[in-house]
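The next block holds one structure in the form of structure tokens; read it before the comments.
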Amino acid sequence: MNKVRIVAVREFLATVKRKSYLIVTFGMPFFVSLYIGIIAGLPTILMSQTEAKQFGLVDEAAVIAPAEIERLARGDSDDLGRAAEKVRAMSGGRLSGYAATLLKEVAEPPRLLTFPGRAEGIEALRTETIERLYVIPPGWKDKGGIEIYQPKSATFSFARMRSRDAVSTLLRRSLIADTVPVDLRPRVERPVLEEASDQFTVDKDGQVAPLNAMDQGARIVIPAIFALLFLMSILISSGYLLQGVAEEKENRVIEIILSSVRPHQLLFGKLLGLGAAGLMQLVIWIAVGTMAVSLLAAAALAVLDFKLFAACLLFFVLGFLMLGSLMTGTGALGTNARESQQLATIWTMVTIMPPAILWMPILNGPNGTIARILGWFPLTAPITMMLRLGTGKVPWWDVLLSIVILCAGVYLAIRLSGGLFRLGLLMYGKRPTLREVIRQLRNA
């Protein structure tokens, strides 16, 4: 372990002192913030220069009540508009830039212009007085369909989407205007009020408690964040690992190093040192992002499930050690850095693709056959178990069994990768044959 520590410290210090490492680590947050600011600012400027959108309406079926059009124009809007108003109220007017412009577009009711006939409406559409024309045909009461006219160059916007919802709202309100009493009309339009409804949870003992939406969301968000960080750390750290191995192999310094250090000691030391450098870079980026949204970070800490956090952290570390060693051992077989990266990518695909494709069945059935097979297979266990733990339905013995299998996988991966590491580092100019690889795996 002393030799492993020496290799790890040397690799860590050599990496963090590089100018390229420092520039990427501390410059990335600045350039990302600048990029986001530019991307968010351009739509705000462009949207501020556009005129208010207007939409046309032709009622050939004579079903829409004029009073309902006036009511809609006063701001008695649909569910999307009410949600936007709620977001605006919660922000306390602190939103600015693109967010404020987009929220304004969503919250404001669409402006509907009525036309006596479709010819007048189409002419207004041609002269760009309106952006879309809705025609309610005479047979609407029997068929229910309407006609929509728009320019060929029309693109998606929230205003167009809300204008169609506004026409549906007008038709619904006009139908009940003469048949439903005024005091019952709000309940017909909105039978269930989310803000006035109560939700509860029932545990296995039958205890009833109010639903904590933030706590429920945190159980899904925490594993999802760990899975994302796991992917990022592997991609970042593997780059440093393979780059360091390729440089020492090309300079033939590795022959001198292997004369005093065993291959698996060198592999494990590089994995710890270069992996720590990649993780530190990731932590710095997360810290900068967390300070930028300190209010959100405080809210996350308030609902943090520390048992779930610790379990996800354990699977994160074990998965990183296993996958990092496999990628380094396999990558050492390549004749150059590009070939090493291609060989190492195989393990990344095997680890990420199954949980990424089957994440919905895993969440819906955390104790099902698919979820348990992926949770017990060492390569897919880290991400799968993070997703399963977020549901809160996995028995303790299942988690313990997965940890034991994953620890065994880490030990086996380090042993086997050490043999491949030695074989790849001592061969120059050609790729090892399959027979040579199998021989080294047997010796390992």
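We label chains A, B, ... in the order they appear in the structure tokens, count residues from 1 in each chain, and number ligands from 1 in the order shown.
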Notebook entry, point to check: Residues at most 8 Å from Gln54 of chain A, counting only C-alpha atoms, excluding those fewer than 2 positions away in the same chain, as a list of chain:residue names?
Noted result: A:Ala52, A:Gly56, A:Pro110, A:Arg111, A:Leu112, A:Leu113, A:Thr129, A:Ile130, A:Glu131, A:Arg132
Next item on the list: Excluding Ala413 of chain A and residues on its chain fewer than 5 positions from it, collect all residues at most 9 Å away from it, counting only C-alpha atoms, and give them as a list in words.
Entry: Leu321, Met322, Leu323, Ser325, Leu326, Gly329, Ala408 and Gly418 of chain A
Check: Please, what distance in Å, to one decimal, runs between atom CA of Gly331 of chain A and atom CA of Val261 of chain A?
Finding: 19.4 Å
Do a neighbour search on Gly319 of chain A at 9 Å with only C-alpha atoms, toss out local chain neighbours closer than 2 positions, and write the hits as a short mmCIF file (atom, residue, chain, number, x, y, z; two decimals) with N, CA and C atoms, in the first residue's frame.
data_model
loop_
_atom_site.label_atom_id
_atom_site.label_comp_id
_atom_site.auth_asym_id
_atom_site.auth_seq_id
_atom_site.Cartn_x
_atom_site.Cartn_y
_atom_site.Cartn_z
N PHE A 230 -21.69 10.07 -11.60
CA PHE A 230 -20.93 8.86 -11.87
C PHE A 230 -20.48 8.83 -13.32
N LEU A 314 -21.73 5.11 -1.61
CA LEU A 314 -21.00 3.84 -1.56
C LEU A 314 -20.99 3.18 -2.94
N PHE A 315 -22.13 3.11 -3.60
CA PHE A 315 -22.19 2.52 -4.94
C PHE A 315 -21.40 3.37 -5.94
N PHE A 316 -21.38 4.67 -5.73
CA PHE A 316 -20.59 5.56 -6.59
C PHE A 316 -19.10 5.21 -6.51
N VAL A 317 -18.57 5.07 -5.29
CA VAL A 317 -17.14 4.80 -5.10
C VAL A 317 -16.77 3.42 -5.64
N LEU A 321 -14.24 2.62 -8.84
CA LEU A 321 -13.03 1.80 -8.74
C LEU A 321 -13.05 0.66 -9.75
N MET A 322 -14.20 -0.01 -9.89
CA MET A 322 -14.28 -1.15 -10.80
C MET A 322 -14.19 -0.70 -12.26
N LEU A 323 -14.99 0.25 -12.63
CA LEU A 323 -15.01 0.68 -14.02
C LEU A 323 -13.71 1.38 -14.41
N GLY A 324 -13.15 2.17 -13.49
CA GLY A 324 -11.90 2.85 -13.78
C GLY A 324 -10.75 1.87 -14.00
N PRO A 378 -22.26 -6.79 -11.57
CA PRO A 378 -21.34 -5.73 -11.10
C PRO A 378 -21.27 -4.50 -11.99
N LEU A 379 -21.24 -4.69 -13.30
CA LEU A 379 -21.07 -3.55 -14.19
C LEU A 379 -22.27 -2.61 -14.17
N THR A 380 -23.47 -3.15 -14.11
CA THR A 380 -24.67 -2.31 -14.14
C THR A 380 -25.20 -2.00 -12.74
N ALA A 381 -24.59 -2.59 -11.71
CA ALA A 381 -25.11 -2.41 -10.35
C ALA A 381 -25.08 -0.96 -9.87
N PRO A 382 -24.00 -0.18 -10.09
CA PRO A 382 -23.97 1.17 -9.51
C PRO A 382 -25.18 2.03 -9.90
N ILE A 383 -25.41 2.21 -11.19
CA ILE A 383 -26.51 3.08 -11.63
C ILE A 383 -27.86 2.44 -11.31
N LEU A 406 -20.59 -6.44 -5.76
CA LEU A 406 -19.83 -5.34 -6.36
C LEU A 406 -18.42 -5.27 -5.79
N VAL A 410 -14.98 -5.51 -7.85
CA VAL A 410 -13.87 -4.56 -7.79
C VAL A 410 -12.55 -5.30 -7.63
#
Next item on the list: For Ile64 of chain A, list every protein, DNA or RNA residue within 9 Å, evaluated using only C-alpha atoms, and leave out those in the same chain fewer than 5 positions away; present the list as a VMD selection string.
Entry: chain A and resid 59 69 170 to 175
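Nearest residue to Gln265 of chain A, choosing from A:Thr15, A:Thr384, A:Ser417, A:Gln342 and counting only C-alpha atoms: A:Ser417.
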Margin query: Rounded to one decimal, what separation in Å do you get between atom CA of Val182 of chain A and atom CA of Ala166 of chain A?
Written below: 20.0 Å
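The residue that comes closest to Ser163 of chain A, out of A:Ile148, A:Leu266, A:Leu231, A:Leu401 and on the basis of only C-alpha atoms, is A:Ile148.
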Ile234 of chain A: which residues within 12 Å, counting only C-alpha atoms, same-chain residues fewer than 3 positions away excluded, as a PDB file with N, CA and C atoms, in the first residue's frame?
ATOM      1  N   ALA A 227     -26.139   9.318 -10.314  1.00  0.00           N
ATOM      2  CA  ALA A 227     -25.926   8.598 -11.574  1.00  0.00           C
ATOM      3  C   ALA A 227     -25.277   9.508 -12.609  1.00  0.00           C
ATOM      4  N   LEU A 228     -25.717  10.770 -12.665  1.00  0.00           N
ATOM      5  CA  LEU A 228     -25.118  11.724 -13.595  1.00  0.00           C
ATOM      6  C   LEU A 228     -23.669  12.022 -13.227  1.00  0.00           C
ATOM      7  N   LEU A 229     -23.401  12.214 -11.932  1.00  0.00           N
ATOM      8  CA  LEU A 229     -22.028  12.469 -11.485  1.00  0.00           C
ATOM      9  C   LEU A 229     -21.128  11.260 -11.737  1.00  0.00           C
ATOM     10  N   PHE A 230     -21.689  10.066 -11.597  1.00  0.00           N
ATOM     11  CA  PHE A 230     -20.928   8.856 -11.866  1.00  0.00           C
ATOM     12  C   PHE A 230     -20.478   8.829 -13.321  1.00  0.00           C
ATOM     13  N   LEU A 231     -21.406   9.145 -14.217  1.00  0.00           N
ATOM     14  CA  LEU A 231     -21.076   9.178 -15.636  1.00  0.00           C
ATOM     15  C   LEU A 231     -20.028  10.248 -15.936  1.00  0.00           C
ATOM     16  N   SER A 237     -12.299  11.342 -15.574  1.00  0.00           N
ATOM     17  CA  SER A 237     -11.136  10.663 -15.008  1.00  0.00           C
ATOM     18  C   SER A 237     -10.501   9.706 -15.997  1.00  0.00           C
ATOM     19  N   SER A 238     -11.323   9.037 -16.817  1.00  0.00           N
ATOM     20  CA  SER A 238     -10.756   8.101 -17.784  1.00  0.00           C
ATOM     21  C   SER A 238      -9.847   8.826 -18.771  1.00  0.00           C
ATOM     22  N   GLY A 239     -10.186  10.062 -19.091  1.00  0.00           N
ATOM     23  CA  GLY A 239      -9.330  10.837 -19.983  1.00  0.00           C
ATOM     24  C   GLY A 239      -7.949  11.055 -19.396  1.00  0.00           C
ATOM     25  N   TYR A 240      -7.888  11.423 -18.108  1.00  0.00           N
ATOM     26  CA  TYR A 240      -6.595  11.600 -17.453  1.00  0.00           C
ATOM     27  C   TYR A 240      -5.851  10.276 -17.324  1.00  0.00           C
ATOM     28  N   LEU A 241      -6.580   9.198 -16.988  1.00  0.00           N
ATOM     29  CA  LEU A 241      -5.947   7.897 -16.834  1.00  0.00           C
ATOM     30  C   LEU A 241      -5.289   7.437 -18.127  1.00  0.00           C
ATOM     31  N   LEU A 242      -6.068   7.459 -19.217  1.00  0.00           N
ATOM     32  CA  LEU A 242      -5.552   6.970 -20.494  1.00  0.00           C
ATOM     33  C   LEU A 242      -4.458   7.885 -21.047  1.00  0.00           C
ATOM     34  N   LEU A 271      -5.100   4.834 -10.620  1.00  0.00           N
ATOM     35  CA  LEU A 271      -6.552   4.968 -10.514  1.00  0.00           C
ATOM     36  C   LEU A 271      -6.933   5.923  -9.387  1.00  0.00           C
ATOM     37  N   LEU A 274      -5.059   9.796 -10.358  1.00  0.00           N
ATOM     38  CA  LEU A 274      -5.691  10.492 -11.478  1.00  0.00           C
ATOM     39  C   LEU A 274      -7.203  10.563 -11.300  1.00  0.00           C
ATOM     40  N   GLY A 275      -7.778   9.532 -10.682  1.00  0.00           N
ATOM     41  CA  GLY A 275      -9.209   9.593 -10.394  1.00  0.00           C
ATOM     42  C   GLY A 275      -9.544  10.694  -9.412  1.00  0.00           C
ATOM     43  N   ALA A 276      -8.676  10.875  -8.393  1.00  0.00           N
ATOM     44  CA  ALA A 276      -8.895  11.957  -7.427  1.00  0.00           C
ATOM     45  C   ALA A 276      -8.793  13.319  -8.095  1.00  0.00           C
ATOM     46  N   ALA A 277      -7.877  13.456  -9.051  1.00  0.00           N
ATOM     47  CA  ALA A 277      -7.762  14.733  -9.772  1.00  0.00           C
ATOM     48  C   ALA A 277      -9.027  15.017 -10.578  1.00  0.00           C
ATOM     49  N   GLY A 278      -9.563  13.999 -11.243  1.00  0.00           N
ATOM     50  CA  GLY A 278     -10.804  14.193 -11.997  1.00  0.00           C
ATOM     51  C   GLY A 278     -11.979  14.482 -11.090  1.00  0.00           C
ATOM     52  N   LEU A 279     -12.057  13.787  -9.949  1.00  0.00           N
ATOM     53  CA  LEU A 279     -13.148  14.032  -9.009  1.00  0.00           C
ATOM     54  C   LEU A 279     -13.049  15.419  -8.387  1.00  0.00           C
ATOM     55  N   LEU A 282     -14.432  17.834 -10.763  1.00  0.00           N
ATOM     56  CA  LEU A 282     -15.898  17.744 -10.760  1.00  0.00           C
ATOM     57  C   LEU A 282     -16.482  18.426  -9.526  1.00  0.00           C
ATOM     58  N   PHE A 316     -21.377   4.667  -5.729  1.00  0.00           N
ATOM     59  CA  PHE A 316     -20.591   5.557  -6.592  1.00  0.00           C
ATOM     60  C   PHE A 316     -19.099   5.209  -6.514  1.00  0.00           C
ATOM     61  N   VAL A 317     -18.568   5.067  -5.287  1.00  0.00           N
ATOM     62  CA  VAL A 317     -17.140   4.796  -5.097  1.00  0.00           C
ATOM     63  C   VAL A 317     -16.773   3.421  -5.637  1.00  0.00           C
ATOM     64  N   GLY A 319     -18.378   1.576  -7.847  1.00  0.00           N
ATOM     65  CA  GLY A 319     -18.506   1.565  -9.303  1.00  0.00           C
ATOM     66  C   GLY A 319     -17.369   2.280  -9.991  1.00  0.00           C
ATOM     67  N   PHE A 320     -16.919   3.378  -9.394  1.00  0.00           N
ATOM     68  CA  PHE A 320     -15.802   4.121  -9.975  1.00  0.00           C
ATOM     69  C   PHE A 320     -14.522   3.295  -9.956  1.00  0.00           C
ATOM     70  N   LEU A 321     -14.237   2.616  -8.836  1.00  0.00           N
ATOM     71  CA  LEU A 321     -13.032   1.798  -8.744  1.00  0.00           C
ATOM     72  C   LEU A 321     -13.050   0.657  -9.754  1.00  0.00           C
ATOM     73  N   MET A 322     -14.199  -0.006  -9.887  1.00  0.00           N
ATOM     74  CA  MET A 322     -14.277  -1.151 -10.799  1.00  0.00           C
ATOM     75  C   MET A 322     -14.186  -0.703 -12.257  1.00  0.00           C
ATOM     76  N   LEU A 323     -14.989   0.254 -12.628  1.00  0.00           N
ATOM     77  CA  LEU A 323     -15.010   0.679 -14.023  1.00  0.00           C
ATOM     78  C   LEU A 323     -13.714   1.377 -14.409  1.00  0.00           C
ATOM     79  N   GLY A 324     -13.152   2.169 -13.488  1.00  0.00           N
ATOM     80  CA  GLY A 324     -11.896   2.851 -13.780  1.00  0.00           C
ATOM     81  C   GLY A 324     -10.752   1.872 -14.004  1.00  0.00           C
ATOM     82  N   SER A 325     -10.686   0.818 -13.183  1.00  0.00           N
ATOM     83  CA  SER A 325      -9.626  -0.175 -13.364  1.00  0.00           C
ATOM     84  C   SER A 325      -9.794  -0.948 -14.656  1.00  0.00           C
ATOM     85  N   LEU A 326     -11.021  -1.308 -15.000  1.00  0.00           N
ATOM     86  CA  LEU A 326     -11.262  -2.028 -16.250  1.00  0.00           C
ATOM     87  C   LEU A 326     -10.923  -1.170 -17.463  1.00  0.00           C
ATOM     88  N   MET A 327     -11.299   0.098 -17.421  1.00  0.00           N
ATOM     89  CA  MET A 327     -11.006   0.986 -18.546  1.00  0.00           C
ATOM     90  C   MET A 327      -9.509   1.197 -18.703  1.00  0.00           C
ATOM     91  N   THR A 328      -8.794   1.326 -17.581  1.00  0.00           N
ATOM     92  CA  THR A 328      -7.353   1.543 -17.660  1.00  0.00           C
ATOM     93  C   THR A 328      -6.631   0.293 -18.144  1.00  0.00           C
ATOM     94  N   ALA A 344     -11.494   1.407 -24.193  1.00  0.00           N
ATOM     95  CA  ALA A 344     -12.057   1.683 -22.865  1.00  0.00           C
ATOM     96  C   ALA A 344     -13.531   2.055 -22.932  1.00  0.00           C
ATOM     97  N   THR A 345     -13.979   2.577 -24.071  1.00  0.00           N
ATOM     98  CA  THR A 345     -15.382   2.978 -24.198  1.00  0.00           C
ATOM     99  C   THR A 345     -16.322   1.790 -24.107  1.00  0.00           C
ATOM    100  N   TRP A 347     -16.459  -0.582 -21.941  1.00  0.00           N
ATOM    101  CA  TRP A 347     -16.957  -0.748 -20.572  1.00  0.00           C
ATOM    102  C   TRP A 347     -17.972   0.322 -20.207  1.00  0.00           C
ATOM    103  N   THR A 348     -17.760   1.524 -20.698  1.00  0.00           N
ATOM    104  CA  THR A 348     -18.721   2.602 -20.423  1.00  0.00           C
ATOM    105  C   THR A 348     -20.081   2.274 -21.015  1.00  0.00           C
ATOM    106  N   MET A 349     -20.105   1.769 -22.241  1.00  0.00           N
ATOM    107  CA  MET A 349     -21.372   1.430 -22.893  1.00  0.00           C
ATOM    108  C   MET A 349     -22.089   0.309 -22.150  1.00  0.00           C
ATOM    109  N   THR A 351     -21.857  -0.440 -19.029  1.00  0.00           N
ATOM    110  CA  THR A 351     -22.300   0.033 -17.714  1.00  0.00           C
ATOM    111  C   THR A 351     -23.509   0.948 -17.798  1.00  0.00           C
ATOM    112  N   ILE A 352     -23.566   1.792 -18.809  1.00  0.00           N
ATOM    113  CA  ILE A 352     -24.571   2.854 -18.861  1.00  0.00           C
ATOM    114  C   ILE A 352     -25.812   2.462 -19.661  1.00  0.00           C
TER     115      ILE A 352
END
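In this structure, atom CA of Val283 of chain A sits 23.8 Å away from atom CA of Gln341 of chain A.
Nearest residue to Phe26 of chain A, choosing from A:Ile286, A:Val135, A:Val399, A:Ala8 and counting only C-alpha atoms: A:Ile286.
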